[in-house]
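Asker: Pasting target-v2.csv below, which is CSV, C-alpha atoms.
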```csv
chain,number,residue,atom,x,y,z
A,1,MET,CA,-42.4,-11.1,-22.9
A,2,ARG,CA,-40.2,-8.9,-25.0
A,3,ALA,CA,-39.4,-6.7,-22.0
A,4,LEU,CA,-38.4,-9.8,-20.0
A,5,LEU,CA,-36.1,-10.9,-22.8
A,6,ALA,CA,-34.5,-7.4,-23.0
A,7,ALA,CA,-33.9,-7.3,-19.3
A,8,ALA,CA,-32.4,-10.8,-19.4
A,9,THR,CA,-30.1,-9.7,-22.2
A,10,GLY,CA,-28.9,-6.7,-20.1
A,11,LEU,CA,-28.3,-8.9,-17.1
A,12,ALA,CA,-26.4,-11.6,-19.1
A,13,ALA,CA,-24.2,-8.9,-20.7
A,14,ALA,CA,-23.3,-7.4,-17.3
A,15,LEU,CA,-22.5,-10.9,-15.9
A,16,LEU,CA,-20.4,-11.8,-18.9
A,17,LEU,CA,-18.4,-8.6,-18.8
A,18,VAL,CA,-17.6,-8.9,-15.1
A,19,PHE,CA,-16.7,-12.6,-15.3
A,20,LEU,CA,-14.6,-12.1,-18.4
A,21,ALA,CA,-12.7,-9.1,-16.8
A,22,THR,CA,-12.2,-11.2,-13.6
A,23,ALA,CA,-10.9,-14.2,-15.6
A,24,ILE,CA,-8.5,-12.1,-17.5
A,25,GLY,CA,-7.5,-10.1,-14.4
A,26,PRO,CA,-5.2,-7.1,-14.2
A,27,PRO,CA,-1.9,-7.2,-16.1
A,28,GLU,CA,0.8,-8.7,-13.8
A,29,PRO,CA,4.4,-7.9,-14.9
A,30,GLY,CA,7.2,-10.1,-13.7
A,31,THR,CA,9.9,-9.3,-11.2
A,32,SER,CA,11.6,-6.0,-11.9
A,33,PRO,CA,15.2,-6.3,-13.3
A,34,LYS,CA,16.2,-3.3,-11.3
A,35,PRO,CA,18.5,-4.1,-8.3
A,36,LEU,CA,18.0,-3.3,-4.6
A,37,LEU,CA,19.9,0.0,-4.4
A,38,THR,CA,23.3,0.3,-2.7
A,39,THR,CA,23.9,3.8,-4.2
A,40,ILE,CA,22.1,7.1,-3.6
A,41,PRO,CA,19.8,7.8,-6.5
A,42,SER,CA,19.9,11.4,-7.8
A,43,ALA,CA,16.2,11.5,-8.4
A,44,PRO,CA,13.2,9.1,-8.2
A,45,GLY,CA,13.6,6.3,-10.8
A,46,LYS,CA,17.2,7.3,-11.7
B,1,MET,CA,-39.8,2.2,-33.5
B,2,ARG,CA,-40.4,3.8,-30.1
B,3,ARG,CA,-41.2,0.4,-28.6
B,4,ARG,CA,-37.9,-1.0,-29.9
B,5,ALA,CA,-36.0,2.0,-28.4
B,6,SER,CA,-37.6,1.5,-25.1
B,7,LEU,CA,-36.7,-2.2,-25.1
B,8,VAL,CA,-33.1,-1.3,-25.9
B,9,LEU,CA,-33.1,1.3,-23.1
B,10,LEU,CA,-34.6,-1.3,-20.7
B,11,SER,CA,-31.8,-3.7,-21.6
B,12,LEU,CA,-29.1,-1.1,-21.0
B,13,ALA,CA,-30.8,-0.1,-17.7
B,14,VAL,CA,-30.7,-3.6,-16.4
B,15,PHE,CA,-27.0,-3.9,-17.7
B,16,CYS,CA,-26.0,-0.8,-15.7
B,17,THR,CA,-28.0,-1.6,-12.6
B,18,ALA,CA,-26.6,-5.2,-12.5
B,19,LEU,CA,-23.1,-3.9,-13.1
B,20,ALA,CA,-23.2,-1.6,-10.1
B,21,PRO,CA,-23.2,-4.3,-7.3
B,22,LEU,CA,-21.0,-6.6,-9.4
B,23,LEU,CA,-18.3,-3.9,-9.7
B,24,ARG,CA,-18.4,-3.1,-6.0
B,25,TRP,CA,-18.7,-6.5,-4.5
B,26,TRP,CA,-17.2,-8.8,-7.2
B,27,MET,CA,-14.6,-6.8,-9.2
B,28,TYR,CA,-13.3,-4.5,-6.5
B,29,PRO,CA,-12.3,-7.3,-4.0
B,30,SER,CA,-10.5,-9.2,-6.8
B,31,PHE,CA,-8.8,-6.1,-8.4
B,32,ALA,CA,-7.9,-4.1,-5.4
B,33,LYS,CA,-4.6,-5.6,-4.5
B,34,ILE,CA,-0.9,-4.8,-4.4
B,35,PRO,CA,0.7,-5.9,-7.7
B,36,PRO,CA,3.3,-8.7,-7.0
B,37,GLY,CA,5.9,-7.1,-9.2
B,38,GLN,CA,6.0,-3.7,-7.7
B,39,TYR,CA,9.4,-1.9,-7.5
B,40,GLN,CA,9.7,1.1,-5.3
B,41,GLU,CA,12.5,3.2,-3.8
B,42,ALA,CA,12.6,5.9,-1.2
B,43,VAL,CA,15.5,8.1,0.0
B,44,LEU,CA,15.5,9.4,3.5
B,45,GLU,CA,18.0,11.8,5.1
B,46,ALA,CA,19.1,12.9,8.5
B,47,LYS,CA,20.6,16.4,8.3
B,48,PRO,CA,22.7,16.7,10.5
B,49,ALA,CA,23.3,13.5,12.3
B,50,THR,CA,25.7,11.9,14.8
B,51,LEU,CA,27.6,8.9,13.5
B,52,LEU,CA,30.1,6.7,15.2
B,53,ASP,CA,33.6,6.8,13.6
B,54,TYR,CA,34.5,3.1,13.8
B,55,GLY,CA,38.2,3.9,13.3
B,56,THR,CA,38.5,6.0,16.5
B,57,LEU,CA,35.4,4.7,18.2
B,58,THR,CA,34.2,8.3,18.8
B,59,PRO,CA,30.8,9.8,17.7
B,60,ARG,CA,31.1,12.7,15.4
B,61,LYS,CA,28.6,15.2,13.9
B,62,VAL,CA,28.1,14.7,10.2
B,63,PRO,CA,26.2,16.9,7.8
B,64,ARG,CA,24.1,14.1,6.3
B,65,ILE,CA,23.2,10.5,6.6
B,66,THR,CA,21.2,8.9,3.8
B,67,ILE,CA,19.0,5.8,3.9
B,68,VAL,CA,18.0,4.3,0.6
B,69,GLN,CA,15.1,1.9,1.0
B,70,THR,CA,14.1,-0.3,-1.9
B,71,LEU,CA,11.1,-2.7,-2.1
B,72,LYS,CA,11.1,-5.2,-4.9
B,73,GLY,CA,8.2,-7.6,-5.6
B,74,ASN,CA,9.5,-11.2,-6.1
B,75,VAL,CA,6.9,-12.5,-8.6
B,76,GLU,CA,8.4,-16.0,-8.9
B,77,ARG,CA,8.4,-16.6,-5.1
B,78,SER,CA,4.9,-15.1,-4.7
B,79,LYS,CA,3.6,-17.6,-7.3
B,80,GLU,CA,5.2,-20.5,-5.4
B,81,ILE,CA,3.6,-19.4,-2.1
B,82,GLU,CA,0.3,-18.7,-3.7
B,83,ALA,CA,0.1,-22.3,-5.0
B,84,SER,CA,0.2,-23.6,-1.4
B,85,ALA,CA,-1.5,-20.7,0.4
B,86,GLY,CA,-4.4,-20.5,-2.1
B,87,ARG,CA,-4.6,-16.7,-2.1
B,88,ASP,CA,-2.9,-13.7,-3.7
B,89,VAL,CA,0.4,-13.2,-2.0
B,90,VAL,CA,3.0,-10.5,-2.4
B,91,VAL,CA,6.7,-11.1,-1.6
B,92,TRP,CA,8.7,-8.0,-1.0
B,93,ASP,CA,12.5,-8.2,-0.9
B,94,ALA,CA,13.6,-5.0,0.8
B,95,LEU,CA,16.9,-3.4,1.5
B,96,SER,CA,17.6,-0.5,3.9
B,97,TYR,CA,21.0,0.8,2.9
B,98,MET,CA,22.5,3.5,5.1
B,99,ALA,CA,25.2,5.6,3.7
B,100,GLY,CA,27.5,8.1,5.4
B,101,PRO,CA,28.3,11.6,4.2
B,102,ASP,CA,30.9,10.2,1.9
B,103,GLY,CA,28.4,7.8,0.4
B,104,LYS,CA,30.1,4.7,1.9
B,105,MET,CA,28.0,2.0,3.6
B,106,VAL,CA,27.2,2.4,7.3
B,107,SER,CA,24.8,-0.6,7.4
B,108,ALA,CA,22.7,-2.7,5.0
B,109,ILE,CA,19.7,-4.6,6.3
B,110,PRO,CA,17.8,-6.9,3.9
B,111,GLU,CA,14.3,-8.1,4.6
B,112,ARG,CA,11.8,-10.4,3.1
B,113,TYR,CA,8.2,-9.5,3.8
B,114,ILE,CA,5.4,-11.8,2.7
B,115,PHE,CA,1.8,-10.7,2.9
B,116,ASP,CA,-1.8,-11.1,1.5
B,117,ALA,CA,-2.1,-8.8,-1.5
B,118,HIS,CA,-5.7,-7.8,-0.6
B,119,THR,CA,-5.7,-7.5,3.2
B,120,GLN,CA,-2.1,-6.9,4.0
B,121,ASP,CA,-2.2,-9.7,6.6
B,122,PRO,CA,1.2,-11.3,7.0
B,123,VAL,CA,1.7,-14.7,5.3
B,124,HIS,CA,4.2,-17.1,7.0
B,125,ALA,CA,6.4,-19.0,4.6
B,126,THR,CA,10.0,-20.1,4.4
B,127,GLY,CA,12.2,-17.1,3.6
B,128,GLU,CA,10.4,-14.6,5.7
B,129,MET,CA,13.4,-12.8,7.4
B,130,VAL,CA,15.2,-9.7,8.6
B,131,ASP,CA,18.9,-9.5,8.0
B,132,GLY,CA,19.1,-13.2,7.5
B,133,ASP,CA,17.3,-14.1,10.7
B,134,PRO,CA,14.0,-16.0,10.3
B,135,VAL,CA,11.1,-14.0,11.7
B,136,ARG,CA,7.3,-14.5,12.1
B,137,ARG,CA,5.6,-11.1,11.6
B,138,THR,CA,2.3,-10.0,13.1
B,139,GLY,CA,0.7,-6.8,12.0
B,140,ILE,CA,1.7,-4.6,9.1
B,141,GLU,CA,5.0,-3.2,7.7
B,142,PHE,CA,5.7,-0.5,5.1
B,143,LYS,CA,2.0,-0.1,4.1
B,144,TRP,CA,-1.4,0.0,5.7
B,145,PRO,CA,-4.5,-1.9,4.3
B,146,PHE,CA,-6.8,-0.4,1.7
B,147,PHE,CA,-9.4,1.8,3.4
B,148,THR,CA,-7.2,2.3,6.5
B,149,GLU,CA,-9.3,2.8,9.7
B,150,PRO,CA,-8.6,5.5,12.2
B,151,ARG,CA,-7.4,3.2,14.9
B,152,ASP,CA,-4.2,1.7,16.2
B,153,TYR,CA,-2.5,-1.1,14.2
B,154,LEU,CA,0.2,-3.6,15.1
B,155,TYR,CA,3.4,-2.5,13.2
B,156,PHE,CA,6.4,-4.7,12.8
B,157,ASP,CA,9.8,-3.2,13.9
B,158,ALA,CA,12.6,-4.8,11.9
B,159,GLN,CA,15.3,-3.8,14.4
B,160,THR,CA,13.7,-5.5,17.4
B,161,ARG,CA,12.1,-8.2,15.2
B,162,THR,CA,8.8,-7.7,17.1
B,163,SER,CA,5.5,-6.0,16.5
B,164,ALA,CA,4.1,-3.2,18.7
B,165,PRO,CA,1.0,-0.9,18.4
B,166,ILE,CA,1.4,2.1,16.1
B,167,HIS,CA,-1.1,4.7,17.5
B,168,TYR,CA,-3.6,6.6,15.5
B,169,VAL,CA,-3.1,10.2,16.5
B,170,GLY,CA,-5.6,12.0,14.3
B,171,PRO,CA,-6.5,13.3,10.8
B,172,ARG,CA,-4.1,15.7,9.1
B,173,LYS,CA,-3.8,17.5,5.8
B,174,PHE,CA,-0.6,16.7,4.0
B,175,ARG,CA,0.1,18.6,0.7
B,176,GLY,CA,-3.5,18.7,-0.3
B,177,LEU,CA,-4.3,15.1,0.8
B,178,ASP,CA,-6.5,14.0,3.7
B,179,VAL,CA,-4.3,11.6,5.7
B,180,TYR,CA,-4.2,9.8,9.0
B,181,TYR,CA,-1.2,10.4,11.3
B,182,TYR,CA,0.3,7.5,13.2
B,183,GLU,CA,3.1,7.3,15.8
B,184,GLN,CA,5.0,4.5,17.3
B,185,THR,CA,7.7,4.7,20.0
B,186,ILE,CA,10.1,1.8,20.5
B,187,PRO,CA,11.7,2.2,23.9
B,188,TRP,CA,15.4,1.4,24.4
B,189,THR,CA,15.7,-2.2,23.4
B,190,LYS,CA,18.7,-4.5,22.9
B,191,VAL,CA,18.9,-5.4,19.2
B,192,PRO,CA,21.2,-7.6,17.1
B,193,PHE,CA,24.2,-6.1,15.3
B,194,PRO,CA,23.5,-5.7,11.5
B,195,LYS,CA,25.4,-8.4,9.6
B,196,LYS,CA,26.8,-5.7,7.2
B,197,MET,CA,28.7,-3.0,9.0
B,198,PRO,CA,31.8,-0.9,8.2
B,199,LEU,CA,33.9,-3.1,10.4
B,200,PRO,CA,36.2,-5.1,8.1
B,201,GLY,CA,37.5,-8.3,9.7
B,202,PHE,CA,34.7,-8.4,12.3
B,203,ASP,CA,31.9,-10.9,12.4
B,204,ALA,CA,28.8,-9.1,13.5
B,205,SER,CA,27.3,-12.2,15.1
B,206,THR,CA,30.3,-12.6,17.5
B,207,ILE,CA,30.9,-8.9,18.4
B,208,GLU,CA,28.9,-9.2,21.7
B,209,LYS,CA,30.7,-12.4,22.7
B,210,THR,CA,34.1,-11.1,21.7
B,211,PHE,CA,33.9,-7.6,23.2
B,212,GLY,CA,31.1,-7.9,25.7
B,213,THR,CA,29.4,-4.9,23.9
B,214,SER,CA,25.7,-4.9,23.0
B,215,ARG,CA,23.8,-2.7,20.6
B,216,TRP,CA,20.7,-0.8,21.8
B,217,TYR,CA,18.1,1.2,19.9
B,218,THR,CA,15.2,3.5,20.4
B,219,THR,CA,13.0,5.2,17.8
B,220,LYS,CA,9.9,7.4,17.4
B,221,ARG,CA,8.3,6.5,14.1
B,222,MET,CA,5.8,8.8,12.4
B,223,PHE,CA,3.7,8.0,9.3
B,224,TRP,CA,1.2,10.1,7.3
B,225,VAL,CA,-1.1,7.5,5.7
B,226,GLU,CA,-3.5,8.2,2.8
B,227,PRO,CA,-6.5,6.1,4.0
B,228,VAL,CA,-8.0,5.0,0.6
B,229,THR,CA,-4.8,3.3,-0.6
B,230,GLY,CA,-3.2,2.7,2.8
B,231,ALA,CA,0.0,4.1,1.4
B,232,PRO,CA,2.2,6.3,3.6
B,233,VAL,CA,2.8,9.7,1.8
B,234,ASN,CA,5.4,10.7,4.4
B,235,GLY,CA,7.5,8.9,7.0
B,236,GLU,CA,9.9,10.2,9.6
B,237,GLU,CA,12.0,8.7,12.4
B,238,ILE,CA,13.8,10.1,15.4
B,239,HIS,CA,16.3,7.3,15.7
B,240,THR,CA,19.1,6.6,18.2
B,241,GLU,CA,21.5,3.7,18.4
B,242,GLU,CA,24.1,3.0,21.0
B,243,LEU,CA,26.8,0.5,21.8
B,244,ARG,CA,26.8,-0.3,25.5
B,245,GLY,CA,29.4,-1.9,27.8
B,246,GLY,CA,32.3,-4.2,27.0
B,247,THR,CA,35.6,-3.2,25.4
B,248,LEU,CA,34.1,-1.1,22.6
B,249,ALA,CA,32.2,1.3,24.9
B,250,ALA,CA,34.6,1.2,27.9
B,251,ASN,CA,35.8,4.8,27.5
B,252,ALA,CA,32.4,6.3,26.7
B,253,PRO,CA,30.4,8.2,29.3
B,254,ASP,CA,28.3,5.7,31.2
B,255,GLN,CA,29.8,3.1,28.8
B,256,ARG,CA,27.2,4.3,26.2
B,257,LEU,CA,28.6,5.1,22.8
B,258,VAL,CA,26.3,6.7,20.3
B,259,VAL,CA,26.4,4.9,16.9
B,260,PHE,CA,23.7,6.9,15.2
B,261,ASP,CA,21.5,9.8,16.3
B,262,GLY,CA,19.3,11.8,13.9
B,263,HIS,CA,15.9,12.8,12.7
B,264,VAL,CA,15.3,10.9,9.5
B,265,LYS,CA,13.0,12.6,6.9
B,266,MET,CA,12.1,11.7,3.3
B,267,ARG,CA,14.0,13.7,0.7
B,268,GLU,CA,12.0,16.4,-0.9
B,269,ASP,CA,12.0,15.0,-4.5
B,270,TYR,CA,10.8,11.6,-3.2
B,271,LEU,CA,8.2,13.2,-1.1
B,272,ARG,CA,6.7,15.0,-4.1
B,273,HIS,CA,7.0,11.7,-6.2
B,274,THR,CA,5.2,9.7,-3.5
B,275,VAL,CA,2.4,12.3,-3.0
B,276,ASP,CA,1.8,12.3,-6.8
B,277,LEU,CA,1.9,8.5,-7.0
B,278,VAL,CA,-0.5,8.0,-4.1
B,279,ALA,CA,-2.9,10.7,-5.3
B,280,ALA,CA,-3.1,8.9,-8.7
B,281,ASN,CA,-3.6,5.5,-7.1
B,282,ARG,CA,-6.2,6.9,-4.8
B,283,ILE,CA,-8.4,7.8,-7.8
B,284,LYS,CA,-7.9,4.3,-9.3
B,285,VAL,CA,-9.1,2.6,-6.1
B,286,LEU,CA,-12.0,5.0,-5.6
B,287,ALA,CA,-13.0,4.6,-9.3
B,288,LEU,CA,-13.5,0.8,-8.8
B,289,HIS,CA,-14.8,1.0,-5.2
B,290,THR,CA,-17.2,4.1,-5.5
B,291,TYR,CA,-17.3,6.1,-8.7
B,292,ALA,CA,-18.0,3.3,-11.2
B,293,PRO,CA,-20.6,1.4,-9.1
B,294,VAL,CA,-22.5,4.6,-8.1
B,295,GLY,CA,-22.2,6.0,-11.6
B,296,SER,CA,-23.5,2.7,-13.0
B,297,ALA,CA,-26.4,2.6,-10.6
B,298,VAL,CA,-27.4,6.2,-11.4
B,299,CYS,CA,-27.1,5.5,-15.1
B,300,GLY,CA,-29.3,2.4,-14.8
B,301,ALA,CA,-32.0,4.4,-12.9
B,302,VAL,CA,-32.0,7.2,-15.6
B,303,LEU,CA,-32.1,4.7,-18.5
B,304,LEU,CA,-35.0,2.8,-16.8
B,305,GLY,CA,-36.9,6.0,-16.3
B,306,LEU,CA,-36.3,6.9,-20.0
B,307,ALA,CA,-37.4,3.4,-21.1
B,308,LEU,CA,-40.6,3.6,-19.1
B,309,TRP,CA,-41.4,7.1,-20.3
B,310,LEU,CA,-40.9,6.0,-23.9
B,311,GLU,CA,-43.1,3.0,-23.4
B,312,ALA,CA,-45.9,5.0,-21.8
B,313,ARG,CA,-45.7,7.6,-24.5
B,314,GLY,CA,-45.8,4.9,-27.2
B,315,ARG,CA,-48.9,3.3,-25.6
B,316,ARG,CA,-50.7,6.6,-25.3
B,317,ARG,CA,-50.1,7.3,-29.0
B,318,ASP,CA,-51.3,3.8,-29.9
B,319,ALA,CA,-54.5,4.3,-27.9
B,320,ALA,CA,-55.1,7.7,-29.6
B,321,CYS,CA,-54.6,6.2,-33.1
B,322,ARG,CA,-56.8,3.2,-32.5
B,323,PRO,CA,-60.3,3.7,-34.2
B,324,ALA,CA,-63.2,4.1,-31.7
B,325,ARG,CA,-65.6,1.1,-31.5
B,326,ASP,CA,-69.4,1.1,-30.7
B,327,PRO,CA,-70.7,-0.9,-27.8
B,328,ALA,CA,-71.6,-3.8,-30.2
B,329,GLY,CA,-68.0,-4.0,-31.2
B,330,GLU,CA,-68.6,-2.6,-34.7
B,331,PRO,CA,-66.4,0.2,-35.9
B,332,VAL,CA,-68.2,3.5,-36.1
B,333,SER,CA,-68.1,5.1,-39.5
B,334,ALA,CA,-69.1,8.5,-40.5
B,335,PRO,CA,-72.5,8.9,-42.1
```
Is it possible to give me this structure as structure tokens?
Answerer:
Amino acid sequence: MRALLAAATGLAAALLLVFLATAIGPPEPGTSPKPLLTTIPSAPGK
Amino acid sequence: MRRRASLVLLSLAVFCTALAPLLRWWMYPSFAKIPPGQYQEAVLEAKPATLLDYGTLTPRKVPRITIVQTLKGNVERSKEIEASAGRDVVVWDALSYMAGPDGKMVSAIPERYIFDAHTQDPVHATGEMVDGDPVRRTGIEFKWPFFTEPRDYLYFDAQTRTSAPIHYVGPRKFRGLDVYYYEQTIPWTKVPFPKKMPLPGFDASTIEKTFGTSRWYTTKRMFWVEPVTGAPVNGEEIHTEELRGGTLAANAPDQRLVVFDGHVKMREDYLRHTVDLVAANRIKVLALHTYAPVGSAVCGAVLLGLALWLEARGRRRDAACRPARDPAGEPVSAP
């Protein structure tokens, strides 16, 4: 009985972790303020 | 104490074992997607190139033509489309800005590309366009899907506004990465004039009507694609554009006037930057798709084995410590 309870706790923790991570989701920043480029950049990101 | 430890280990074993399929088939499909707010730029160069001098209407050799390509995720628009489409959508506003050797604009072609963030399938919504012309894309553009397959894909060509197969040629090694190499050839095709050209006072949409001259284009497009991320780590184009017939090309041989001719390659610093970026993203995708689920399953198996071993050991010790009983059930005591 104790073994069953331990296994159920492990399963519940795994489900909780995954559902929580999915609900929060990855961070999604907004639209970049940088413009579409009409000049030649000297280096990546500059 | 040992019994308690084995129960804790059993609990952890079930946690890890359950986590493995959940990571692979629940979290990976929802987390592996193109972020809607991505901003990316690439600089490509043709050195040397042939470029039409619009002042004298003669093609001339120039040391360098630069194409600056920017992709910018439009998060607000993607949220609006997601609300009606019911799936994760990415809206890329793109600009291909071509500059001459003096840095002045040769052409600027904006695009809006709308696609499914997970599968890369095109999503059709108002605003999908190339150079202001509404289009309805099929196939892919700019990027391949995650876990790209070694097969032909349909690739959208912005100049012709149509999709055509891009052929899988074979595997290649590119700067330490295993990649798939693809090629697409667009035969000579009549295409619209870009709306932004270095022709002050001319309306691009009426050039053909006014001068009887049309614009033609052919290209051979090459991509080296990292298959896990589906991201191209290198791209090249052997690209030629001509003006044909009418007043503008009347004095050219066969009435064909070269507007642009060159082999366009990614600039070295952008090539290095792209390879580093794709290599880092490859590890992130593989971590969620393979490393974490497999690691979790292995961890679960080891913990389960350890829990069973501890439990068995505990039971053996209990049995050894229990006092022996005679057949009548009475404890045997020493005389």
Asker: Kindly determine which residues of chain A lie within 8 Å of chain B, considering all atoms listed in the file, and give the answer as a ChimeraX atom specification.
Answerer: /A:2-3,6-15,18,22,25-26,28-32,34,36-41,43-45
Asker: Could you jot down the atom CA of Pro232 of chain B to atom CA of Trp216 of chain B separation for me, Å, one decimal place?
Answerer: 26.9 Å
Asker: Given only C-alpha atoms as the basis, pick out the residue of B:Glu226, B:Ala164, B:Arg24, B:Gly127 nearest to Leu288 of chain B.
Answerer: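 Using only C-alpha atoms, Leu288 of chain B sits closest to B:Arg24.
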Asker: State, in Å with one decimal place, the distance from atom CA of Lys265 of chain B to atom CA of Arg60 of chain B.
Answerer: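 Answer for the atom CA of Lys265 of chain B to atom CA of Arg60 of chain B separation: 20.0 Å.
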Asker: Could you state the separation of atom CA of Met222 of chain B and atom CA of Arg172 of chain B in Å, given to one decimal place?
Answerer: 12.5 Å
Asker: Residues near Tyr181 of chain B, anyone? I mean within 7 Å using all atoms listed in the file, not counting same-chain ones fewer than 4 positions away, as a ChimeraX atom specification.
Answerer: /B:168-172,223-225
Asker: At a cut-off of 9 Å, using all atoms listed in the file, what residues contact Leu248 of chain B? Leave out same-chain residues fewer than 4 positions from it and give the result as a count of residues only.
Answerer: 9
Asker: Mind checking which residues fall within 9 Å of Thr58 of chain B, counting only C-alpha atoms, ignoring those fewer than 4 positions away in the same chain, and posting them as a PDB file with C-alpha atoms, in the frame of the given file?
Answerer:
```pdb
ATOM      1  CA  LEU B  51      27.600   8.900  13.500  1.00  0.00           C
ATOM      2  CA  LEU B  52      30.100   6.700  15.200  1.00  0.00           C
ATOM      3  CA  ASP B  53      33.600   6.800  13.600  1.00  0.00           C
ATOM      4  CA  TYR B  54      34.500   3.100  13.800  1.00  0.00           C
ATOM      5  CA  ALA B 252      32.400   6.300  26.700  1.00  0.00           C
ATOM      6  CA  LEU B 257      28.600   5.100  22.800  1.00  0.00           C
ATOM      7  CA  VAL B 258      26.300   6.700  20.300  1.00  0.00           C
ATOM      8  CA  VAL B 259      26.400   4.900  16.900  1.00  0.00           C
TER       9      VAL B 259
END
```
Asker: Tell me which of B:Pro194, B:Val233, B:Glu45, B:Gly246 sits closest to Lys209 of chain B, counting only C-alpha atoms.
Answerer: B:Gly246
Asker: Looking at all atoms listed in the file, which of B:Lys47, B:Lys143, B:Lys284, B:Arg136 is the one that sits closest to Gln120 of chain B?
Answerer: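 Ranking B:Lys47, B:Lys143, B:Lys284, B:Arg136 by distance to Gln120 of chain B, first place goes to B:Lys143.
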